[in-house]
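Participant: Take this structure first; my questions come after.
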Amino acid sequence: MNSIIKVLLIVAVRIDPWSSESIKEYGKLFEFFGIKPFKDVLPQLNRIAKPYRLMRRGIIFGHRDFDKAVEALMKGKKVAILTGLMPSGKMHFGHKMLIDQLVYYQKELHADVIVAIADVEAYAVRKKSRSELIKTAIYEYVANYIALGLDPEKTKIYFQSNYDVNYYRLIQLFSRKVTMAELRAIYGEDLGPGKIVSVLTQAADILHPYLPEFGGYDVVVVPVGADQDPHLRLARDIADRFSNELPLKRPASTYHRFMSGLTGTGKMSSSTPDSFIALTDPPDVAVRKLMNAFTGGRPTAAEQRRLGGEPEKCPVYELNAYHLIEDDSELAELYRRCKSGEILCGKCKKETAARLKEFLINHQEKLESAKEIVKDVVEPPPF
Ligand code: TRP
Ligand code: SF4
């Protein structure tokens, strides 16, 4: 390809990990950044476990080197699944997807799970007070992780600002082999010291499990939303640059689609209150949000009976596909009823509301017991 055109395209598809725009052009990600279709690894994964619902449904759509992780698991090598979450705002169904994946890896594949609480990043980019961040991290995030099924005994959860000295050494060493030009090319021009520190800290999150001090893992897999790929590319480059000095390797990664916001524009995001359902929303509040949600329905009932709905564009369908319907044939049946115009949105929302309510009641019960043990699971920073 003509190199000028290529540069223009790369600028056009630059991914900003701090914006809440949803990425429409997933296909471009595949092409330009070497992300492979996830469906290609399903047969291999099938040999060790049933692929997770988000994998079967193409919601986890891409990967880098995930085949290596599956191979390592087959051979009984050490695999860590690592992710990080910014403790800001409420934990909602968009965040839940990630924790669900961790639970799958822990329970079905017996991989070790490590979770970074990205309080350094949240402090830098979300401008919240420390005490608020720490409280949110523990009672809103970690408590929900446990309620969603992460085993507190088997999961390593740490605050970026309160970890091991060998982890901080990585951040310091990394600073030598990263240039401003490179960071600008990945993250754009709006890049101050706060973001730079966050970015290097995140690289340490991703790479530290390779050090013998942290377990000396053979493969680290990082499941992320598609917008987090810049971090992964940087971590891969850093691993390469330290190949003569440190036992770091390139991380593997998987990419999932975002959940759409209930308002029908953009992704589900804490910064748009009507766009999300929080895991702690009282069931009647959650149901009200659902009932007001944008759908893939037609302007009139007659039209919808004639043309059918558009589940591909429908946040209510997504909620079912991502979270509320586990059985594939039950989901296929909903798709068929919607597409054929057999079911209208009002009825569909009511059925979904029943599932949502059941989930939330159940979950919030577990959350109450999780809150009682959460203090023993993670050590908060002193300030
Ligand atoms: N940047 C991530 C976010 O915006 C959080 C994060 C911190 C992370 N460290 C990580 C994600 C390591 C994946 C791996 O939520
Ligand atoms: Fe969405 Fe259900 Fe309406 Fe179909 S019938 S468009 S899935 S709300």
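The way I read the labels, and the way they are meant: chains A, B, ... in the order of the structure tokens, residue 1 as the first residue of every chain, and ligand 1 as the first ligand shown, with later ones counted on from there.
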Could you report the residues within 12 Å of ligand 2, using only C-alpha atoms and all ligand atoms, as a PyMOL selection string?
Facilitator: chain A and resi 262+264+290-301+304-305+307-321+331-353
Participant: Within 10 Å of ligand 1, counting only C-alpha atoms and all ligand atoms: which residues, as an mmCIF file with N, CA and C atoms, in the first residue's frame?
Facilitator:
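This is the output file pocket06.cif:
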```
data_model
loop_
_atom_site.group_PDB
_atom_site.id
_atom_site.type_symbol
_atom_site.label_atom_id
_atom_site.label_comp_id
_atom_site.auth_asym_id
_atom_site.auth_seq_id
_atom_site.Cartn_x
_atom_site.Cartn_y
_atom_site.Cartn_z
ATOM 1 N N PRO A 17 -7.576 5.164 24.199
ATOM 2 C CA PRO A 17 -8.071 4.373 25.327
ATOM 3 C C PRO A 17 -8.785 5.204 26.383
ATOM 4 N N TRP A 18 -8.730 6.537 26.283
ATOM 5 C CA TRP A 18 -9.399 7.338 27.313
ATOM 6 C C TRP A 18 -10.690 7.990 26.834
ATOM 7 N N SER A 19 -11.099 7.700 25.628
ATOM 8 C CA SER A 19 -12.360 8.282 25.182
ATOM 9 C C SER A 19 -13.452 7.228 25.288
ATOM 10 N N ILE A 81 -3.769 -15.031 33.668
ATOM 11 C CA ILE A 81 -4.709 -14.138 33.001
ATOM 12 C C ILE A 81 -4.693 -12.854 33.812
ATOM 13 N N LEU A 82 -4.358 -11.772 33.159
ATOM 14 C CA LEU A 82 -4.201 -10.526 33.893
ATOM 15 C C LEU A 82 -5.061 -9.429 33.296
ATOM 16 N N THR A 83 -5.740 -8.713 34.168
ATOM 17 C CA THR A 83 -6.435 -7.540 33.659
ATOM 18 C C THR A 83 -6.415 -6.427 34.689
ATOM 19 N N GLY A 84 -6.846 -5.269 34.287
ATOM 20 C CA GLY A 84 -6.910 -4.142 35.204
ATOM 21 C C GLY A 84 -8.190 -3.369 34.973
ATOM 22 N N LEU A 85 -8.683 -2.763 36.045
ATOM 23 C CA LEU A 85 -9.903 -1.960 35.916
ATOM 24 C C LEU A 85 -9.716 -0.666 36.687
ATOM 25 N N MET A 86 -10.175 0.415 36.088
ATOM 26 C CA MET A 86 -10.133 1.688 36.788
ATOM 27 C C MET A 86 -11.286 1.763 37.766
ATOM 28 N N PRO A 87 -10.990 2.007 39.046
ATOM 29 C CA PRO A 87 -12.083 2.085 40.022
ATOM 30 C C PRO A 87 -12.713 3.470 40.000
ATOM 31 N N SER A 88 -13.552 3.709 38.996
ATOM 32 C CA SER A 88 -14.202 5.019 39.007
ATOM 33 C C SER A 88 -15.645 4.837 38.574
ATOM 34 N N HIS A 95 -18.536 -3.611 32.485
ATOM 35 C CA HIS A 95 -17.373 -4.119 33.221
ATOM 36 C C HIS A 95 -17.523 -5.612 33.523
ATOM 37 N N LEU A 98 -15.768 -8.489 31.558
ATOM 38 C CA LEU A 98 -14.363 -8.794 31.772
ATOM 39 C C LEU A 98 -14.199 -9.754 32.946
ATOM 40 N N ILE A 114 -4.889 -12.628 37.862
ATOM 41 C CA ILE A 114 -4.305 -11.463 38.531
ATOM 42 C C ILE A 114 -5.084 -10.221 38.101
ATOM 43 N N VAL A 115 -5.502 -9.418 39.079
ATOM 44 C CA VAL A 115 -6.244 -8.206 38.742
ATOM 45 C C VAL A 115 -5.534 -6.972 39.306
ATOM 46 N N ALA A 116 -5.224 -6.043 38.418
ATOM 47 C CA ALA A 116 -4.629 -4.769 38.837
ATOM 48 C C ALA A 116 -5.751 -3.763 39.045
ATOM 49 N N ILE A 117 -5.775 -3.141 40.200
ATOM 50 C CA ILE A 117 -6.710 -2.025 40.395
ATOM 51 C C ILE A 117 -5.982 -0.774 39.926
ATOM 52 N N ALA A 118 -6.464 -0.214 38.838
ATOM 53 C CA ALA A 118 -5.737 0.884 38.191
ATOM 54 C C ALA A 118 -6.041 2.210 38.873
ATOM 55 N N ASP A 119 -5.661 2.300 40.148
ATOM 56 C CA ASP A 119 -5.956 3.531 40.894
ATOM 57 C C ASP A 119 -5.029 4.664 40.480
ATOM 58 N N VAL A 120 -3.820 4.314 40.051
ATOM 59 C CA VAL A 120 -2.893 5.356 39.597
ATOM 60 C C VAL A 120 -3.449 6.017 38.334
ATOM 61 N N GLU A 121 -3.919 5.185 37.434
ATOM 62 C CA GLU A 121 -4.495 5.694 36.188
ATOM 63 C C GLU A 121 -5.778 6.489 36.467
ATOM 64 N N ALA A 122 -6.625 5.954 37.322
ATOM 65 C CA ALA A 122 -7.879 6.647 37.630
ATOM 66 C C ALA A 122 -7.609 7.991 38.301
ATOM 67 N N VAL A 125 -6.304 10.327 35.337
ATOM 68 C CA VAL A 125 -7.190 10.726 34.237
ATOM 69 C C VAL A 125 -8.632 11.013 34.639
ATOM 70 N N PHE A 159 -3.480 -3.071 44.267
ATOM 71 C CA PHE A 159 -3.561 -1.666 43.842
ATOM 72 C C PHE A 159 -2.244 -1.295 43.152
ATOM 73 N N GLN A 160 -2.356 -0.576 42.047
ATOM 74 C CA GLN A 160 -1.133 -0.122 41.362
ATOM 75 C C GLN A 160 -0.235 0.698 42.287
ATOM 76 N N SER A 198 0.925 6.514 34.032
ATOM 77 C CA SER A 198 -0.131 5.482 33.970
ATOM 78 C C SER A 198 0.189 4.427 32.929
ATOM 79 N N VAL A 199 0.697 4.893 31.805
ATOM 80 C CA VAL A 199 0.972 3.987 30.696
ATOM 81 C C VAL A 199 2.122 3.035 31.043
ATOM 82 N N LEU A 200 3.166 3.567 31.675
ATOM 83 C CA LEU A 200 4.301 2.713 32.052
ATOM 84 C C LEU A 200 3.907 1.773 33.193
ATOM 85 N N THR A 201 3.047 2.259 34.070
ATOM 86 C CA THR A 201 2.564 1.410 35.164
ATOM 87 C C THR A 201 1.761 0.245 34.597
ATOM 88 N N GLN A 202 0.957 0.564 33.616
ATOM 89 C CA GLN A 202 0.166 -0.494 33.009
ATOM 90 C C GLN A 202 1.052 -1.520 32.290
ATOM 91 N N ALA A 203 2.124 -1.045 31.682
ATOM 92 C CA ALA A 203 3.049 -1.994 31.039
ATOM 93 C C ALA A 203 3.633 -2.932 32.092
ATOM 94 N N ALA A 204 3.907 -2.377 33.284
ATOM 95 C CA ALA A 204 4.414 -3.227 34.371
ATOM 96 C C ALA A 204 3.339 -4.213 34.839
ATOM 97 N N ASP A 205 2.076 -3.764 34.866
ATOM 98 C CA ASP A 205 0.981 -4.693 35.198
ATOM 99 C C ASP A 205 1.047 -5.898 34.265
ATOM 100 N N ILE A 206 1.137 -5.598 32.994
ATOM 101 C CA ILE A 206 1.031 -6.638 31.983
ATOM 102 C C ILE A 206 2.247 -7.567 31.979
ATOM 103 N N LEU A 207 3.432 -7.009 32.224
ATOM 104 C CA LEU A 207 4.648 -7.814 32.045
ATOM 105 C C LEU A 207 5.202 -8.423 33.336
ATOM 106 N N VAL A 221 -1.932 -13.724 29.513
ATOM 107 C CA VAL A 221 -3.016 -13.349 28.598
ATOM 108 C C VAL A 221 -3.746 -12.141 29.179
ATOM 109 N N VAL A 222 -3.980 -11.159 28.357
ATOM 110 C CA VAL A 222 -4.668 -9.957 28.809
ATOM 111 C C VAL A 222 -5.968 -9.778 28.022
ATOM 112 N N PRO A 223 -7.101 -10.094 28.643
ATOM 113 C CA PRO A 223 -8.381 -9.853 27.951
ATOM 114 C C PRO A 223 -8.771 -8.390 28.111
ATOM 115 N N VAL A 224 -9.063 -7.725 27.023
ATOM 116 C CA VAL A 224 -9.413 -6.300 27.103
ATOM 117 C C VAL A 224 -10.523 -5.934 26.129
ATOM 118 N N GLY A 225 -11.096 -4.770 26.363
ATOM 119 C CA GLY A 225 -11.978 -4.168 25.374
ATOM 120 C C GLY A 225 -11.114 -3.645 24.236
ATOM 121 N N ASP A 227 -10.655 -0.977 22.852
ATOM 122 C CA ASP A 227 -9.974 0.323 22.965
ATOM 123 C C ASP A 227 -8.653 0.250 23.719
ATOM 124 N N GLN A 228 -8.395 -0.870 24.373
ATOM 125 C CA GLN A 228 -7.177 -0.964 25.176
ATOM 126 C C GLN A 228 -5.984 -1.500 24.397
ATOM 127 N N ASP A 229 -6.152 -1.719 23.110
ATOM 128 C CA ASP A 229 -5.047 -2.312 22.358
ATOM 129 C C ASP A 229 -3.758 -1.497 22.351
ATOM 130 N N PRO A 230 -3.818 -0.152 22.354
ATOM 131 C CA PRO A 230 -2.552 0.601 22.368
ATOM 132 C C PRO A 230 -1.646 0.185 23.522
ATOM 133 N N HIS A 231 -2.248 -0.064 24.686
ATOM 134 C CA HIS A 231 -1.453 -0.496 25.826
ATOM 135 C C HIS A 231 -0.750 -1.816 25.528
ATOM 136 N N LEU A 232 -1.456 -2.696 24.865
ATOM 137 C CA LEU A 232 -0.892 -4.007 24.563
ATOM 138 C C LEU A 232 0.262 -3.907 23.577
ATOM 139 N N ALA A 235 3.234 -2.672 25.409
ATOM 140 C CA ALA A 235 3.810 -3.710 26.271
ATOM 141 C C ALA A 235 4.595 -4.735 25.451
ATOM 142 N N SER A 253 -3.224 -11.549 24.024
ATOM 143 C CA SER A 253 -4.387 -10.728 24.371
ATOM 144 C C SER A 253 -5.631 -11.177 23.627
#
```
Participant: What is the distance, in Å and to one decimal place, between CA of Arg233 in chain A and CA of Val378 in chain A?
Facilitator: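 Calculated distance between CA of Arg233 in chain A and CA of Val378 in chain A is 28.8 Å.
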Participant: If you take only C-alpha atoms and a cut-off of 8 Å, which residues of range 221-320 of chain A touch range 57-66 of chain A, and what are their nearest atom pairs and distances in Å to one decimal, in chain and number order, as a Markdown table?
Facilitator:
```
| residue | atom | partner | partner_atom | distance |
| --- | --- | --- | --- | --- |
| A:Val221 | CA | A:Phe66 | CA | 7.2 |
| A:Pro251 | CA | A:Asp65 | CA | 7.8 |
| A:Ala252 | CA | A:Asp65 | CA | 4.9 |
| A:Ser253 | CA | A:Arg64 | CA | 5.1 |
| A:Thr254 | CA | A:His63 | CA | 4.1 |
| A:Tyr255 | CA | A:Gly62 | CA | 5.0 |
| A:His256 | CA | A:Ile60 | CA | 4.0 |
| A:Arg257 | CA | A:Ile59 | CA | 5.5 |
```
Participant: What would the file look like if the residues just selected were written as an mmCIF file, in the first residue's frame with N, CA, C and O atoms?
Facilitator:
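Listing of out.cif after writing:
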```cif
data_model
loop_
_atom_site.group_PDB
_atom_site.id
_atom_site.type_symbol
_atom_site.label_atom_id
_atom_site.label_comp_id
_atom_site.auth_asym_id
_atom_site.auth_seq_id
_atom_site.Cartn_x
_atom_site.Cartn_y
_atom_site.Cartn_z
ATOM 1 N N VAL A 221 -1.932 -13.724 29.513
ATOM 2 C CA VAL A 221 -3.016 -13.349 28.598
ATOM 3 C C VAL A 221 -3.746 -12.141 29.179
ATOM 4 O O VAL A 221 -4.095 -12.138 30.359
ATOM 5 N N PRO A 251 3.059 -10.295 25.698
ATOM 6 C CA PRO A 251 1.797 -10.809 26.235
ATOM 7 C C PRO A 251 0.857 -11.259 25.114
ATOM 8 O O PRO A 251 0.923 -10.729 24.006
ATOM 9 N N ALA A 252 0.019 -12.235 25.422
ATOM 10 C CA ALA A 252 -1.092 -12.580 24.519
ATOM 11 C C ALA A 252 -2.276 -11.704 24.918
ATOM 12 O O ALA A 252 -2.317 -11.167 26.026
ATOM 13 N N SER A 253 -3.224 -11.549 24.024
ATOM 14 C CA SER A 253 -4.387 -10.728 24.371
ATOM 15 C C SER A 253 -5.631 -11.177 23.627
ATOM 16 O O SER A 253 -5.533 -11.804 22.570
ATOM 17 N N THR A 254 -6.775 -10.851 24.206
ATOM 18 C CA THR A 254 -8.049 -11.089 23.511
ATOM 19 C C THR A 254 -8.835 -9.782 23.530
ATOM 20 O O THR A 254 -8.653 -8.960 24.427
ATOM 21 N N TYR A 255 -9.683 -9.620 22.545
ATOM 22 C CA TYR A 255 -10.417 -8.355 22.380
ATOM 23 C C TYR A 255 -11.915 -8.613 22.323
ATOM 24 O O TYR A 255 -12.364 -9.441 21.534
ATOM 25 N N HIS A 256 -12.652 -7.883 23.171
ATOM 26 C CA HIS A 256 -14.114 -8.017 23.092
ATOM 27 C C HIS A 256 -14.755 -6.717 22.633
ATOM 28 O O HIS A 256 -14.200 -5.637 22.790
ATOM 29 N N ARG A 257 -15.915 -6.873 22.045
ATOM 30 C CA ARG A 257 -16.720 -5.715 21.671
ATOM 31 C C ARG A 257 -17.220 -5.047 22.929
ATOM 32 O O ARG A 257 -17.399 -5.699 23.952
#
```
Participant: Between A:Tyr123, A:Pro152, A:Val197, A:Arg288, which has the minimum distance to Leu183 in chain A (counting only C-alpha atoms)?
Facilitator: A:Val197
Participant: Residues at most 12 Å from Leu211 in chain A, counting only C-alpha atoms, excluding those fewer than 3 positions away in the same chain, as a compact mmCIF listing (two decimals) with all heavy atoms, in the first residue's frame?
Facilitator:
```
# COMPACT_ATOMS: atom_id res chain seq x y z
N ASN A 166 9.68 -4.80 43.25
CA ASN A 166 10.19 -5.26 41.95
C ASN A 166 9.30 -4.80 40.78
O ASN A 166 9.77 -4.65 39.66
CB ASN A 166 10.29 -6.79 41.93
CG ASN A 166 11.33 -7.27 42.91
OD1 ASN A 166 12.48 -6.85 42.86
ND2 ASN A 166 10.91 -8.12 43.85
N TYR A 167 8.05 -4.57 41.10
CA TYR A 167 7.11 -4.04 40.10
C TYR A 167 7.46 -2.57 39.79
O TYR A 167 7.52 -2.17 38.64
CB TYR A 167 5.72 -4.21 40.69
CG TYR A 167 4.56 -3.43 40.12
CD1 TYR A 167 3.84 -3.92 39.02
CD2 TYR A 167 4.12 -2.26 40.75
CE1 TYR A 167 2.72 -3.23 38.57
CE2 TYR A 167 3.00 -1.58 40.30
CZ TYR A 167 2.30 -2.07 39.20
OH TYR A 167 1.19 -1.40 38.75
N ARG A 169 10.34 -1.23 40.11
CA ARG A 169 11.61 -1.19 39.38
C ARG A 169 11.36 -1.32 37.87
O ARG A 169 12.00 -0.66 37.07
CB ARG A 169 12.55 -2.28 39.88
CG ARG A 169 13.96 -2.15 39.30
CD ARG A 169 14.99 -3.07 39.95
NE ARG A 169 15.00 -2.89 41.38
CZ ARG A 169 14.58 -3.79 42.27
NH1 ARG A 169 14.15 -4.98 41.84
NH2 ARG A 169 14.59 -3.55 43.53
N LEU A 170 10.41 -2.16 37.52
CA LEU A 170 10.09 -2.31 36.09
C LEU A 170 9.67 -0.96 35.49
O LEU A 170 10.13 -0.58 34.42
CB LEU A 170 8.95 -3.31 35.89
CG LEU A 170 9.27 -4.79 35.98
CD1 LEU A 170 8.01 -5.61 35.70
CD2 LEU A 170 10.38 -5.17 35.01
N ALA A 204 3.91 -2.38 33.28
CA ALA A 204 4.41 -3.23 34.37
C ALA A 204 3.34 -4.21 34.84
O ALA A 204 3.64 -5.36 35.15
CB ALA A 204 4.90 -2.37 35.53
N ASP A 205 2.08 -3.76 34.87
CA ASP A 205 0.98 -4.69 35.20
C ASP A 205 1.05 -5.90 34.27
O ASP A 205 1.02 -7.05 34.69
CB ASP A 205 -0.39 -4.03 34.99
CG ASP A 205 -0.71 -2.95 36.01
OD1 ASP A 205 -0.16 -3.01 37.12
OD2 ASP A 205 -1.49 -2.03 35.67
N ILE A 206 1.14 -5.60 32.99
CA ILE A 206 1.03 -6.64 31.98
C ILE A 206 2.25 -7.57 31.98
O ILE A 206 2.10 -8.78 31.81
CB ILE A 206 0.84 -6.00 30.58
CG1 ILE A 206 -0.51 -5.25 30.54
CG2 ILE A 206 0.94 -7.03 29.47
CD1 ILE A 206 -0.71 -4.39 29.30
N LEU A 207 3.43 -7.01 32.22
CA LEU A 207 4.65 -7.81 32.05
C LEU A 207 5.20 -8.42 33.34
O LEU A 207 5.98 -9.38 33.27
CB LEU A 207 5.72 -6.96 31.35
CG LEU A 207 5.35 -6.51 29.92
CD1 LEU A 207 6.39 -5.53 29.38
CD2 LEU A 207 5.21 -7.70 28.97
N HIS A 208 4.82 -7.90 34.50
CA HIS A 208 5.49 -8.37 35.72
C HIS A 208 5.35 -9.87 36.00
O HIS A 208 6.26 -10.47 36.56
CB HIS A 208 5.09 -7.52 36.94
CG HIS A 208 3.79 -7.89 37.57
ND1 HIS A 208 2.57 -7.41 37.12
CD2 HIS A 208 3.49 -8.71 38.62
CE1 HIS A 208 1.61 -7.92 37.87
NE2 HIS A 208 2.13 -8.71 38.78
N PHE A 214 7.54 -12.97 40.52
CA PHE A 214 6.06 -12.97 40.51
C PHE A 214 5.49 -14.26 39.93
O PHE A 214 4.35 -14.28 39.49
CB PHE A 214 5.54 -11.76 39.73
CG PHE A 214 5.90 -10.44 40.35
CD1 PHE A 214 6.97 -9.71 39.86
CD2 PHE A 214 5.20 -9.94 41.44
CE1 PHE A 214 7.32 -8.49 40.43
CE2 PHE A 214 5.55 -8.72 42.02
CZ PHE A 214 6.60 -8.00 41.51
N GLY A 215 6.31 -15.30 39.90
CA GLY A 215 5.78 -16.57 39.44
C GLY A 215 6.41 -17.08 38.15
O GLY A 215 6.29 -18.25 37.82
N GLY A 216 7.08 -16.22 37.41
CA GLY A 216 7.76 -16.66 36.18
C GLY A 216 6.83 -17.38 35.22
O GLY A 216 7.09 -18.50 34.79
N TYR A 217 5.74 -16.75 34.87
CA TYR A 217 4.74 -17.39 34.00
C TYR A 217 5.28 -17.59 32.59
O TYR A 217 6.15 -16.84 32.13
CB TYR A 217 3.45 -16.57 33.98
CG TYR A 217 2.67 -16.74 35.25
CD1 TYR A 217 2.92 -15.94 36.36
CD2 TYR A 217 1.72 -17.75 35.36
CE1 TYR A 217 2.24 -16.13 37.55
CE2 TYR A 217 1.03 -17.95 36.55
CZ TYR A 217 1.30 -17.15 37.63
OH TYR A 217 0.62 -17.35 38.81
N ASP A 218 4.76 -18.62 31.91
CA ASP A 218 5.15 -18.87 30.52
C ASP A 218 4.38 -17.98 29.56
O ASP A 218 4.92 -17.52 28.57
CB ASP A 218 4.90 -20.35 30.16
CG ASP A 218 5.81 -21.26 30.97
OD1 ASP A 218 7.02 -21.18 30.77
OD2 ASP A 218 5.30 -22.00 31.83
N VAL A 219 3.09 -17.81 29.86
CA VAL A 219 2.28 -16.92 29.01
C VAL A 219 1.39 -16.06 29.91
O VAL A 219 0.80 -16.55 30.86
CB VAL A 219 1.36 -17.72 28.04
CG1 VAL A 219 0.60 -16.77 27.12
CG2 VAL A 219 2.16 -18.71 27.21
N VAL A 220 1.32 -14.78 29.58
CA VAL A 220 0.37 -13.88 30.24
C VAL A 220 -0.67 -13.50 29.19
O VAL A 220 -0.32 -13.05 28.10
CB VAL A 220 1.05 -12.60 30.77
CG1 VAL A 220 0.02 -11.64 31.35
CG2 VAL A 220 2.11 -12.93 31.80
N ALA A 239 8.58 -5.42 25.90
CA ALA A 239 9.11 -6.77 26.16
C ALA A 239 10.25 -7.08 25.18
O ALA A 239 11.30 -7.59 25.58
CB ALA A 239 7.99 -7.80 26.04
N GLU A 245 17.87 -8.17 28.70
CA GLU A 245 18.09 -7.80 30.10
C GLU A 245 17.19 -8.51 31.09
O GLU A 245 17.58 -8.77 32.22
CB GLU A 245 17.83 -6.29 30.29
CG GLU A 245 18.88 -5.40 29.66
CD GLU A 245 18.55 -3.93 29.95
OE1 GLU A 245 18.40 -3.58 31.14
OE2 GLU A 245 18.44 -3.16 28.98
N LEU A 246 15.95 -8.74 30.66
CA LEU A 246 14.96 -9.26 31.60
C LEU A 246 14.17 -10.40 30.94
O LEU A 246 14.01 -10.41 29.72
CB LEU A 246 13.96 -8.15 31.98
CG LEU A 246 14.49 -6.96 32.77
CD1 LEU A 246 13.45 -5.84 32.82
CD2 LEU A 246 14.85 -7.39 34.19
N PRO A 247 13.67 -11.32 31.73
CA PRO A 247 12.95 -12.47 31.14
C PRO A 247 11.51 -12.12 30.75
O PRO A 247 10.58 -12.84 31.09
CB PRO A 247 12.99 -13.51 32.26
CG PRO A 247 13.04 -12.71 33.52
CD PRO A 247 13.80 -11.45 33.21
N LEU A 248 11.32 -11.01 30.08
CA LEU A 248 9.96 -10.59 29.70
C LEU A 248 9.62 -11.17 28.33
O LEU A 248 10.48 -11.28 27.48
CB LEU A 248 9.86 -9.07 29.65
CG LEU A 248 10.28 -8.32 30.91
CD1 LEU A 248 10.18 -6.81 30.70
CD2 LEU A 248 9.43 -8.74 32.10
N LYS A 249 8.35 -11.50 28.15
CA LYS A 249 7.89 -11.98 26.84
C LYS A 249 6.71 -11.15 26.38
O LYS A 249 6.08 -10.47 27.18
CB LYS A 249 7.44 -13.44 26.94
CG LYS A 249 8.56 -14.41 27.22
CD LYS A 249 8.01 -15.82 27.28
CE LYS A 249 8.86 -16.66 28.23
NZ LYS A 249 8.11 -17.61 29.00
```
Participant: If you count only C-alpha atoms, which residues fall within 7 Å of Phe276 in chain A, apart from same-chain ones fewer than 3 positions away, as a VMD selection string?
Facilitator: chain A and resid 92 261 to 262 268 to 270 273
Participant: Dump N, CA and C atoms for the selected residues as a short mmCIF file (atom, residue, chain, number, x, y, z; two decimals), in the first residue's frame?
Facilitator:
```
data_model
loop_
_atom_site.label_atom_id
_atom_site.label_comp_id
_atom_site.auth_asym_id
_atom_site.auth_seq_id
_atom_site.Cartn_x
_atom_site.Cartn_y
_atom_site.Cartn_z
N HIS A 92 -20.68 -1.63 36.16
CA HIS A 92 -21.90 -1.92 35.41
C HIS A 92 -21.72 -3.15 34.51
N GLY A 261 -24.45 1.44 24.87
CA GLY A 261 -25.23 2.10 25.91
C GLY A 261 -26.71 1.88 25.66
N LEU A 262 -27.50 1.93 26.73
CA LEU A 262 -28.94 1.72 26.57
C LEU A 262 -29.60 2.85 25.79
N MET A 268 -21.63 1.52 26.65
CA MET A 268 -22.11 1.63 28.01
C MET A 268 -21.00 2.27 28.83
N SER A 269 -21.28 3.38 29.48
CA SER A 269 -20.20 4.12 30.12
C SER A 269 -20.68 4.81 31.39
N SER A 270 -19.83 4.77 32.41
CA SER A 270 -20.19 5.39 33.70
C SER A 270 -20.42 6.88 33.55
N PRO A 273 -25.06 8.45 32.65
CA PRO A 273 -25.88 7.68 33.61
C PRO A 273 -26.97 6.81 32.97
#
```
Participant: Hey, which of A:Asp164, A:Glu213, A:Glu326, A:Glu303 ends up closest to Arg53 in chain A? Count only C-alpha atoms.
Facilitator: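 The answer is A:Glu326, which sits nearest to Arg53 in chain A.
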Participant: Just checking: using only C-alpha atoms, which residue out of A:Ala69, A:Ser275, A:Ile238, A:Arg56 ends up closest to Ile171 in chain A?
Facilitator: A:Ile238
